[in-house]
Structure formats: C-alpha cells, structure tokens
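Student: Supplied structure: entry_38.cif, mmCIF, C-alpha atoms.
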data_work
loop_
_atom_site.label_atom_id
_atom_site.label_comp_id
_atom_site.auth_asym_id
_atom_site.auth_seq_id
_atom_site.Cartn_x
_atom_site.Cartn_y
_atom_site.Cartn_z
CA MET A 8 130.63 112.06 81.78
CA SER A 9 128.27 112.77 84.61
CA ASP A 10 126.10 115.88 84.74
CA ASN A 11 126.70 118.77 87.07
CA LEU A 12 123.93 118.60 89.65
CA TYR A 13 122.68 121.41 91.88
CA ASP A 14 120.42 121.72 94.90
CA PHE A 15 117.03 123.37 94.37
CA VAL A 16 114.73 124.01 97.31
CA ALA A 17 111.08 123.16 96.68
CA ASP A 18 107.73 123.51 98.42
CA LEU A 19 105.35 121.61 96.18
CA HIS A 20 102.09 121.95 98.09
CA ILE A 21 100.70 125.50 98.22
CA HIS A 22 97.07 126.63 98.03
CA THR A 23 95.83 129.87 96.47
CA VAL A 24 92.66 131.93 96.88
CA LEU A 25 91.01 129.34 94.64
CA SER A 26 90.90 126.89 97.54
CA PRO A 27 87.97 127.84 99.78
CA CYS A 28 90.12 127.20 102.83
CA GLY A 29 93.01 129.26 101.42
CA SER A 30 93.56 132.69 102.95
CA LEU A 31 92.46 135.63 100.81
CA ASP A 32 96.08 136.81 100.96
CA MET A 33 97.12 133.80 98.90
CA SER A 34 97.20 135.59 95.57
CA PRO A 35 99.72 134.41 92.99
CA ILE A 36 101.89 137.52 93.41
CA ASN A 37 101.92 137.24 97.21
CA ILE A 38 102.79 133.56 97.05
CA VAL A 39 105.67 134.16 94.66
CA LYS A 40 107.04 137.07 96.71
CA GLU A 41 106.93 135.01 99.90
CA ALA A 42 108.52 132.03 98.15
CA SER A 43 111.30 134.30 96.96
CA LYS A 44 111.77 135.69 100.48
CA LYS A 45 111.97 132.14 101.86
CA GLY A 46 114.60 131.15 99.29
CA LEU A 47 112.48 128.64 97.41
CA ASP A 48 113.55 127.71 93.88
CA ILE A 49 110.53 125.58 92.97
CA ILE A 50 106.91 125.90 94.12
CA GLY A 51 103.94 123.66 93.46
CA ILE A 52 100.49 125.21 93.12
CA THR A 53 97.95 122.64 94.25
CA ASP A 54 94.44 123.86 94.87
CA HIS A 55 91.72 121.43 95.86
CA ASN A 56 90.49 119.76 92.68
CA ALA A 57 91.35 122.89 90.69
CA SER A 58 94.22 124.44 88.79
CA ALA A 59 92.94 127.73 87.35
CA ASN A 60 95.39 129.94 89.29
CA CYS A 61 98.49 128.04 88.29
CA LYS A 62 99.29 129.56 84.89
CA VAL A 63 99.31 133.10 86.28
CA THR A 64 101.53 132.00 89.18
CA TYR A 65 103.83 130.28 86.72
CA ASP A 66 104.12 133.47 84.65
CA ILE A 67 104.79 135.70 87.65
CA SER A 68 107.31 133.29 89.16
CA ILE A 69 109.55 133.44 86.07
CA ASP A 70 110.32 137.09 86.87
CA TYR A 71 111.40 136.07 90.35
CA GLY A 72 113.62 133.23 89.18
CA ILE A 73 111.25 130.66 90.61
CA THR A 74 109.90 127.63 88.78
CA THR A 75 106.23 126.75 89.32
CA LEU A 76 104.95 123.21 88.98
CA CYS A 77 101.28 123.10 88.09
CA GLY A 78 99.06 120.54 89.71
CA LEU A 79 96.02 119.85 91.84
CA GLU A 80 95.29 118.31 95.19
CA VAL A 81 92.68 115.79 94.12
CA THR A 82 90.17 114.30 96.57
CA THR A 83 89.59 110.66 95.67
CA LYS A 84 86.41 108.70 96.21
CA GLU A 85 87.91 107.40 99.46
CA GLU A 86 88.51 111.07 100.45
CA ILE A 87 92.27 110.72 100.19
CA HIS A 88 94.13 113.86 99.13
CA CYS A 89 96.65 113.24 96.36
CA LEU A 90 98.92 115.67 94.55
CA ALA A 91 99.02 115.40 90.76
CA PHE A 92 101.44 117.45 88.64
CA PHE A 93 101.58 117.79 84.88
CA GLN A 94 104.26 118.72 82.42
CA ASN A 95 102.40 121.28 80.32
CA PHE A 96 99.22 123.32 80.37
CA ASP A 97 97.46 121.24 77.70
CA THR A 98 97.76 118.12 79.84
CA LEU A 99 96.81 120.06 82.95
CA ASP A 100 93.65 121.35 81.24
CA PHE A 101 92.78 117.88 79.98
CA PHE A 102 93.15 116.46 83.48
CA GLN A 103 91.17 119.35 84.96
CA LYS A 104 88.27 118.49 82.68
CA TYR A 105 88.42 114.89 83.92
CA ILE A 106 88.19 116.17 87.50
CA ASP A 107 85.36 118.59 86.65
CA ASP A 108 83.43 115.71 85.10
CA ASN A 109 83.91 113.53 88.15
CA ILE A 110 83.60 115.82 91.14
CA ILE A 111 80.40 115.72 93.14
CA LYS A 112 78.95 119.14 92.36
CA ILE A 113 77.35 120.91 95.29
CA ASN A 114 77.11 124.70 95.26
CA ASN A 115 79.71 126.45 97.39
CA ASP A 116 78.42 128.70 100.15
CA PRO A 117 81.32 131.19 100.56
CA ASP A 118 80.05 132.23 104.00
CA LYS A 119 80.50 128.69 105.25
CA PHE A 120 83.44 127.38 103.24
CA GLY A 121 85.21 130.46 101.84
CA TYR A 122 85.61 132.03 98.41
CA GLN A 123 86.97 130.12 95.42
CA LEU A 124 88.52 132.87 93.33
CA ILE A 125 90.33 132.91 90.02
CA VAL A 126 92.57 135.96 89.86
CA ASP A 127 95.00 137.64 87.46
CA LYS A 128 98.57 138.78 88.08
CA ASP A 129 97.34 142.08 89.56
CA GLU A 130 94.99 140.34 91.99
CA ASN A 131 91.86 141.28 90.07
CA ILE A 132 89.10 138.70 90.48
CA ILE A 133 88.35 137.26 87.06
CA ASP A 134 85.93 134.51 88.02
CA GLN A 135 84.94 132.12 90.77
CA ILE A 136 84.09 128.45 90.81
CA ASP A 137 80.52 127.76 91.87
CA TRP A 138 80.75 124.15 93.01
CA LEU A 139 82.45 123.30 96.29
CA LEU A 140 86.01 122.32 95.45
CA ILE A 141 86.78 120.47 98.68
CA ASN A 142 84.21 117.82 97.80
CA ALA A 143 85.29 114.33 96.83
CA THR A 144 85.45 113.11 93.26
CA ASN A 145 84.06 109.69 92.40
CA ILE A 146 87.51 108.57 91.22
CA THR A 147 89.12 105.77 93.23
CA ILE A 148 92.75 106.20 94.24
CA ASP A 149 93.72 103.35 91.90
CA ASP A 150 91.97 104.95 88.93
CA LEU A 151 93.45 108.33 89.77
CA GLU A 152 96.96 106.90 89.83
CA LYS A 153 96.39 105.28 86.44
CA LYS A 154 95.02 108.47 84.90
CA VAL A 155 97.86 110.65 86.19
CA HIS A 156 100.48 108.24 84.91
CA GLU A 157 98.73 107.81 81.55
CA LEU A 158 99.20 111.56 81.19
CA ASP A 159 102.88 111.33 82.24
CA GLY A 160 102.16 113.23 85.41
CA LEU A 161 103.52 112.86 88.92
CA PHE A 162 101.34 111.14 91.49
CA ILE A 163 102.05 111.91 95.15
CA PRO A 164 99.62 110.97 97.96
CA ALA A 165 99.57 114.05 100.21
CA HIS A 166 100.46 114.33 103.93
CA ILE A 167 100.04 110.58 104.39
CA ASP A 168 100.69 110.84 108.13
CA ARG A 169 97.74 113.13 108.82
CA SER A 170 94.70 111.94 110.73
CA THR A 171 92.26 113.30 108.14
CA TYR A 172 92.03 112.99 104.36
CA SER A 173 95.20 110.95 104.08
CA LEU A 174 96.10 107.60 102.59
CA ILE A 175 96.65 106.17 106.06
CA SER A 176 93.64 107.77 107.77
CA GLN A 177 91.27 106.57 105.02
CA LEU A 178 92.79 103.21 104.11
CA GLY A 179 94.43 102.25 107.39
CA ILE A 180 97.54 100.84 105.80
CA VAL A 181 99.65 101.98 102.85
CA PRO A 182 98.58 99.72 99.95
CA LYS A 183 101.47 97.58 98.74
CA ASP A 184 100.58 97.65 95.07
CA ILE A 185 100.15 101.36 94.44
CA SER A 186 102.58 103.07 92.08
CA VAL A 187 103.56 106.47 93.43
CA ASP A 188 106.27 108.91 92.41
CA ALA A 189 106.64 109.86 96.07
CA TYR A 190 104.78 110.02 99.34
CA GLU A 191 104.39 113.38 101.01
CA VAL A 192 104.66 113.65 104.78
CA SER A 193 103.60 116.72 106.70
CA LYS A 194 106.07 118.73 108.74
CA TYR A 195 104.75 116.95 111.83
CA SER A 196 106.07 113.58 110.71
CA THR A 197 109.10 112.02 109.08
CA PRO A 198 109.64 109.28 106.49
CA GLN A 199 111.26 107.18 109.23
CA SER A 200 108.08 107.12 111.27
CA ILE A 201 106.10 105.92 108.22
CA ILE A 202 108.69 103.28 107.32
CA LYS A 203 108.65 101.99 110.90
CA PHE A 204 105.00 100.96 110.46
CA PHE A 205 105.16 100.10 106.76
CA PRO A 206 108.67 98.74 106.09
CA TYR A 207 107.89 98.11 102.41
CA THR A 208 107.77 101.88 101.81
CA GLU A 209 111.50 102.20 102.47
CA ASN A 210 112.26 102.11 98.78
CA ASN A 211 109.77 104.89 98.06
CA GLN A 212 110.77 108.50 97.82
CA PHE A 213 109.42 110.87 100.47
CA ILE A 214 108.99 114.61 100.21
CA SER A 215 107.65 117.16 102.66
CA ASP A 216 105.79 120.35 101.85
CA SER A 217 104.11 123.14 103.77
CA ASP A 218 100.53 122.59 102.52
CA ALA A 219 100.36 126.36 103.02
CA HIS A 220 96.93 127.96 103.23
CA TYR A 221 98.43 131.14 104.75
CA ILE A 222 101.33 133.24 103.49
CA ARG A 223 103.50 132.73 106.57
CA ASP A 224 103.41 128.95 106.14
CA ILE A 225 104.99 128.92 102.69
CA GLY A 226 108.34 127.15 102.89
CA SER A 227 107.83 126.20 106.56
CA ILE A 228 109.14 122.81 105.45
CA SER A 229 110.75 122.09 102.11
CA THR A 230 112.33 119.41 99.99
CA VAL A 231 115.68 119.70 98.23
CA PHE A 232 115.99 118.35 94.68
CA HIS A 233 119.53 117.46 93.59
CA ILE A 234 119.17 117.88 89.84
CA LYS A 235 120.72 119.30 86.67
CA ASN A 236 118.03 121.92 86.08
CA ARG A 237 114.47 122.61 87.15
CA SER A 238 112.71 120.78 84.31
CA PHE A 239 109.79 118.43 84.94
CA ASP A 240 111.86 115.48 83.73
CA GLU A 241 114.71 116.28 86.11
CA ILE A 242 112.25 116.47 89.00
CA ARG A 243 110.80 113.12 87.98
CA LYS A 244 114.30 111.64 87.69
CA ALA A 245 115.14 112.88 91.19
CA LEU A 246 112.01 111.28 92.66
CA HIS A 247 113.12 107.98 91.15
CA LYS A 248 116.80 108.47 91.99
CA ILE A 249 117.86 108.14 88.35
CA ASP A 250 121.37 109.12 87.11
CA GLY A 251 122.54 110.37 90.48
CA ARG A 252 119.58 112.70 90.99
CA ASP A 253 118.21 112.68 94.50
CA VAL A 254 115.72 114.23 96.88
CA TYR A 255 115.90 114.94 100.57
CA ILE A 256 113.70 116.69 103.05
CA ASN A 257 115.13 119.97 104.26
CA TYR A 258 114.94 119.85 108.07
CA GLN A 259 117.26 122.83 108.56
CA LYS A 260 114.45 125.40 108.74
CA MET B 7 74.08 85.17 115.64
CA LYS B 8 75.91 84.03 112.54
CA VAL B 9 76.76 85.67 109.22
CA ALA B 10 74.21 83.32 107.67
CA ASP B 11 71.45 85.08 109.63
CA ILE B 12 72.19 88.36 107.85
CA LEU B 13 71.77 86.65 104.49
CA LYS B 14 68.14 85.92 105.42
CA TRP B 15 67.42 89.66 105.34
CA GLU B 16 65.90 91.13 102.19
CA ASN B 17 68.17 93.10 99.87
CA THR B 18 71.37 91.37 100.95
CA LYS B 19 73.73 89.40 98.77
CA ILE B 20 76.94 87.53 99.57
CA LEU B 21 79.75 88.11 97.06
CA CYS B 22 82.37 85.96 98.63
CA CYS B 23 83.22 83.20 100.98
CA GLU B 24 80.10 81.14 101.62
CA ASP B 25 82.47 78.81 103.51
CA SER B 26 82.61 81.35 106.29
CA ILE B 27 78.92 82.10 106.81
CA ALA B 28 79.02 80.18 110.06
CA ASN B 29 81.25 82.95 111.51
CA ILE B 30 79.83 84.15 114.80
CA ILE B 31 78.80 87.81 115.09
CA THR B 32 78.86 89.20 118.61
CA ASP B 33 78.77 92.93 117.89
CA GLY B 34 78.91 95.50 115.10
CA TYR B 35 80.97 98.48 114.03
CA VAL B 36 80.08 101.26 111.58
CA SER B 37 82.89 103.28 110.04
CA ASP B 38 84.31 104.26 106.67
CA LEU B 39 87.72 105.30 107.97
CA LEU B 40 90.00 102.29 108.04
CA SER B 41 92.36 103.84 110.56
CA ASP B 42 89.38 104.17 112.89
CA VAL B 43 88.43 100.53 112.36
CA ILE B 44 91.98 99.43 113.14
CA ALA B 45 91.84 101.42 116.35
CA HIS B 46 88.37 100.50 117.59
CA ALA B 47 86.86 97.38 116.01
CA ASN B 48 87.17 94.05 117.77
CA GLU B 49 87.05 90.41 116.75
CA ASN B 50 83.73 88.87 115.73
CA MET B 51 82.22 92.22 114.84
CA ALA B 52 80.24 92.69 111.65
CA TRP B 53 81.70 95.80 109.96
CA ILE B 54 79.24 98.07 108.19
CA THR B 55 80.76 100.47 105.65
CA ILE B 56 80.43 102.19 102.27
CA GLN B 57 84.18 101.87 101.72
CA THR B 58 85.06 99.68 98.72
CA HIS B 59 88.84 99.87 98.60
CA LYS B 60 90.32 96.39 98.89
CA ASN B 61 92.25 97.38 102.01
CA ILE B 62 89.03 96.74 103.95
CA VAL B 63 89.73 93.03 103.59
CA ALA B 64 93.19 93.35 105.09
CA ILE B 65 91.77 95.31 108.01
CA ALA B 66 88.97 92.78 108.57
CA SER B 67 91.49 89.97 108.55
CA LEU B 68 93.84 91.82 110.90
CA LYS B 69 91.04 92.51 113.37
CA GLU B 70 89.43 89.06 112.91
CA LEU B 71 86.06 90.54 112.05
CA ALA B 72 83.14 88.24 111.29
CA CYS B 73 82.20 89.84 107.97
CA ILE B 74 82.02 93.09 106.02
CA ILE B 75 78.64 94.52 105.01
CA ILE B 76 78.96 97.06 102.19
CA THR B 77 75.88 99.26 102.22
CA ASN B 78 73.91 101.65 100.03
CA ASN B 79 74.39 99.72 96.77
CA ASN B 80 78.12 100.30 96.72
CA ILE B 81 79.81 97.68 94.57
CA PRO B 82 83.28 96.43 95.48
CA ALA B 83 85.84 95.99 92.71
CA ASP B 84 86.96 92.53 91.59
CA ASP B 85 90.31 92.88 93.32
CA LEU B 86 88.50 93.25 96.63
CA ILE B 87 86.66 89.98 96.09
CA GLU B 88 89.92 88.27 95.15
CA ALA B 89 91.51 89.51 98.35
CA ALA B 90 88.49 88.39 100.38
CA LYS B 91 88.79 84.88 98.93
CA GLN B 92 92.40 84.72 100.05
CA GLU B 93 91.53 85.84 103.57
CA ASN B 94 88.18 84.05 103.76
CA ILE B 95 86.30 87.18 104.81
CA PRO B 96 82.57 87.14 103.95
CA ILE B 97 81.60 90.17 101.84
CA ILE B 98 77.92 91.06 101.90
CA THR B 99 76.36 93.87 99.91
CA THR B 100 73.02 95.50 100.60
CA SER B 101 70.84 98.28 99.24
CA MET B 102 70.13 99.41 102.81
CA THR B 103 71.93 102.42 104.21
CA SER B 104 74.51 101.99 106.96
CA PHE B 105 71.99 103.42 109.44
CA ASP B 106 69.29 100.92 108.55
CA THR B 107 71.76 98.03 108.45
CA ALA B 108 73.16 98.93 111.86
CA GLY B 109 69.64 99.26 113.28
CA LYS B 110 68.67 95.88 111.98
CA LEU B 111 71.85 94.27 113.26
CA TYR B 112 71.46 95.91 116.66
CA ILE B 113 67.94 94.58 117.05
CA ALA B 114 69.00 91.11 115.94
CA LEU B 115 71.86 91.07 118.45
CA HIS B 116 70.00 92.54 121.40
CA SER B 117 66.46 91.19 121.22
#
Once you've parsed the file, please lay out its structure as structure tokens.
Tutor:
Amino acid sequence: MSDNLYDFVADLHIHTVLSPCGSLDMSPINIVKEASKKGLDIIGITDHNASANCKVTYDISIDYGITTLCGLEVTTKEEIHCLAFFQNFDTLDFFQKYIDDNIIKINNDPDKFGYQLIVDKDENIIDQIDWLLINATNITIDDLEKKVHELDGLFIPAHIDRSTYSLISQLGIVPKDISVDAYEVSKYSTPQSIIKFFPYTENNQFISDSDAHYIRDIGSISTVFHIKNRSFDEIRKALHKIDGRDVYINYQK
Amino acid sequence: MKVADILKWENTKILCCEDSIANIITDGYVSDLLSDVIAHANENMAWITIQTHKNIVAIASLKELACIIITNNNIPADDLIEAAKQENIPIITTSMTSFDTAGKLYIALHS
C-alpha cells in the first residue's frame, strides 16, 4: 500500500542576525512569524558558517506549526557557498565544531561587516561571535561533501547560478563527480537554464530558496516537498525521488 | 617563450606533463575564478592561480592554455594531476605569489 503524500512548502535558505549581512530584524521570532504569514511549512536556518540561532528558531517554530531544518551555509576553500543540514542537534554541534576548527579566523569589525548576534526567543542578545563568519574555511568542496554525508546530512551547493560565491562562478563548470542531494538555484534562474549548459545535471534534484537576509524576502521563492510528513528522512527521500516522494520549485508566487 | 623557460626560474616545479613543456606561451592571465577564466582567457596563455580544484584542468583544456602555474605554495590534489595527465596540461607549482609570478612572466614576455 502506498503512503498518503502531502505538499509542504519550504524555504530552506534563511539567514538570521547571526549572519553579519543579515538584517537586525532577522530574529528567530520575526522569521517564524513571517514564514507563517507567507504560508511556509518548512524553513531552513542557514547562517554563514554558523548555526547557533537554529535551536531557538526550531523551538519557536513548533508553536507556529512550522518545521525548522537546522543547517549552515558553509564557505568552502574555493569560496563556494554550500548548504549543509543535519538531522539532530548533536550532529549539528559536531559539524559546527569542525567548521570552527577550519574557518580562517579574522576578527569581525561590526561597523564594516555587521553584527553577528546569538539571541534567545525574546530577542535578547546572549552572545556574539568574534571572528568574521563570512570568511572562507580551508575545507575543499570535495572534503565538505564527504564530511556532510559521513554525518548523514544533506549537501546542497547554494544558488549555483549566481555570479559570486557559487559552484559555477568559482569552478566554471559543475563538476561531474560530485555527490549532491540537490542543487539550489536562486529565484533569478531556473533548473532548465542550468541543465541547458550542463546536461548531465538533469538527473539531479533542484530546489530554490529565498536566501533571505531581510524579512520581506522570506518565502519570495519556495520549493514544494511532496512527502508523507515533515521528517528529515522524508525530505531526504523527496530529494532523491524515493517511494513516490518528489520536489518541485514553486513558481506561483 | 615556452613552458620550459618558466621551469628555469627558481622555486618552480613541474608536477605533470613534461611532454608538453614545448608549449608556446604568448600571454598570461591571473585569476582564481574559473568562470572568469572561461570568459576572458585565450589560447596559449599561461594561467596563474591559487585555485587547486581539479576543474582548472578542464578549463585550461577547454581554452587551450599553455600551462597552469599554481602559486604561493598551494599544492594540488592527486586527482588534479591525474586529470592533467589525461589532458596533457603542464602543471607548475611555485612558492612565489601570483603578483611576483605575473611580474616575472610579464618581463619575460615583453623584454
């Protein structure tokens, strides 16, 4: 007997006040409220090389009927932005330590780059991160992919169409031998325009997210997951089109 | 000049493809963004970069570059060397920075 599958709308690439380039309005509670207003069922919290605001967002989002996926937007050695998501907080923390050990640590100057704030559910500032989070790590994209998959995470090169910090801008062509759970395209591109140049990506899954740094951008593009429930495994199954699960980019907005 | 002329410089080492050291160099290009190299590099250029992802070989082959010079003590991975062997692209490493390498190449080409 086949499972009953439902459509869940997701925006898996959202920054908080922890990202120096994120607006100071991007507190966990504001993000969740906006996501709720925009009709999102699943959100991904992906700060640059950091994850410290995800747990609080996850907790708040439960009250709003929203599921939060916790991850990071990692900067590889080649300065390619890649999303990495993990199934539980222990794995997330383990991975975060790996990033902290491998990021090039230069002090952040908030006047130049912006604040990097860790906040609680009531928007109180608990802490800040001293080193500049938008810096690159010394982890190659191949090593990053291996590490994320060793930890049973999801590995998704971000906004691969963009002219900066993307797989294509940094490496020129999509590598044929990289194992991704999906490629993310920005709202300014489509999977078709990637596949046109790189036909071998046609069997890959594509998603699209807002990459929101400002409240109004949350949900400005989204991806629909056709799944049984909003568990991590169901999301993974959808990305790999297993057991009838599927994913499509929501161009209706 | 030829790729072989670069190998006469101090602090340079060839990691692959001695068969191709007779490749002619007519110009140079300095960039670490492969999309930029695809757009702007031309054939017979020596490409100076700190990038060590193996895709650099594919780009060099596509653009028919004379060689790749990886600067600042950056070490390419084995899979890059394997790819370079397939495509016959000379891979040179140096302890010089990209700036110094480009300066040296510029003088060699224009004096």
Student: Which residues of chain B sit at most 8 Å from chain A, using all atoms listed in the file? Give each one's shortest atom pair and distance in Å (one decimal place), in chain and ascending residue order, as JSON lines.
Tutor:
{"residue": "B:Asp38", "atom": "CA", "partner": "A:Gln177", "partner_atom": "CA", "distance": 7.5}
{"residue": "B:Leu39", "atom": "CA", "partner": "A:Gln177", "partner_atom": "CA", "distance": 4.8}
{"residue": "B:Leu40", "atom": "CA", "partner": "A:Gly179", "partner_atom": "CA", "distance": 4.5}
{"residue": "B:Ser41", "atom": "CA", "partner": "A:Gly179", "partner_atom": "CA", "distance": 4.1}
{"residue": "B:Asp42", "atom": "CA", "partner": "A:Ser176", "partner_atom": "CA", "distance": 7.6}
{"residue": "B:Val43", "atom": "CA", "partner": "A:Gly179", "partner_atom": "CA", "distance": 8.0}
{"residue": "B:Ile44", "atom": "CA", "partner": "A:Gly179", "partner_atom": "CA", "distance": 6.9}
{"residue": "B:Gln57", "atom": "CA", "partner": "A:Glu85", "partner_atom": "CA", "distance": 7.0}
{"residue": "B:His59", "atom": "CA", "partner": "A:Leu178", "partner_atom": "CA", "distance": 7.6}
{"residue": "B:Asn61", "atom": "CA", "partner": "A:Leu178", "partner_atom": "CA", "distance": 6.2}
{"residue": "B:Ile62", "atom": "CA", "partner": "A:Leu178", "partner_atom": "CA", "distance": 7.5}
{"residue": "B:Ile65", "atom": "CA", "partner": "A:Gly179", "partner_atom": "CA", "distance": 7.5}
Student: Suppose you want the space between atom CA of Glu157 of chain A and atom CA of Lys62 of chain A; what is it in Å?
Tutor: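 Value for the atom CA of Glu157 of chain A-atom CA of Lys62 of chain A distance: 22.0 Å.
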Student: How would you write, as a ChimeraX atom specification, the residues chosen by the PyMOL selection byres ((chain A and resi 100) around 12) on this structure?
Tutor: /A:56-62,77-79,92-99,101-107,158
Student: What separation in Å, quoted to one decimal, exists between atom CA of Tyr190 of chain A and atom CA of Thr58 of chain B?
Tutor: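 Computing the Euclidean distance for atom CA of Tyr190 of chain A and atom CA of Thr58 of chain B yields 22.3 Å.
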Student: How far is it from atom CA of Ala219 of chain A to atom CA of Pro206 of chain A, in Å with one decimal?
Tutor: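 About the pair atom CA of Ala219 of chain A and atom CA of Pro206 of chain A: they are 29.0 Å apart.
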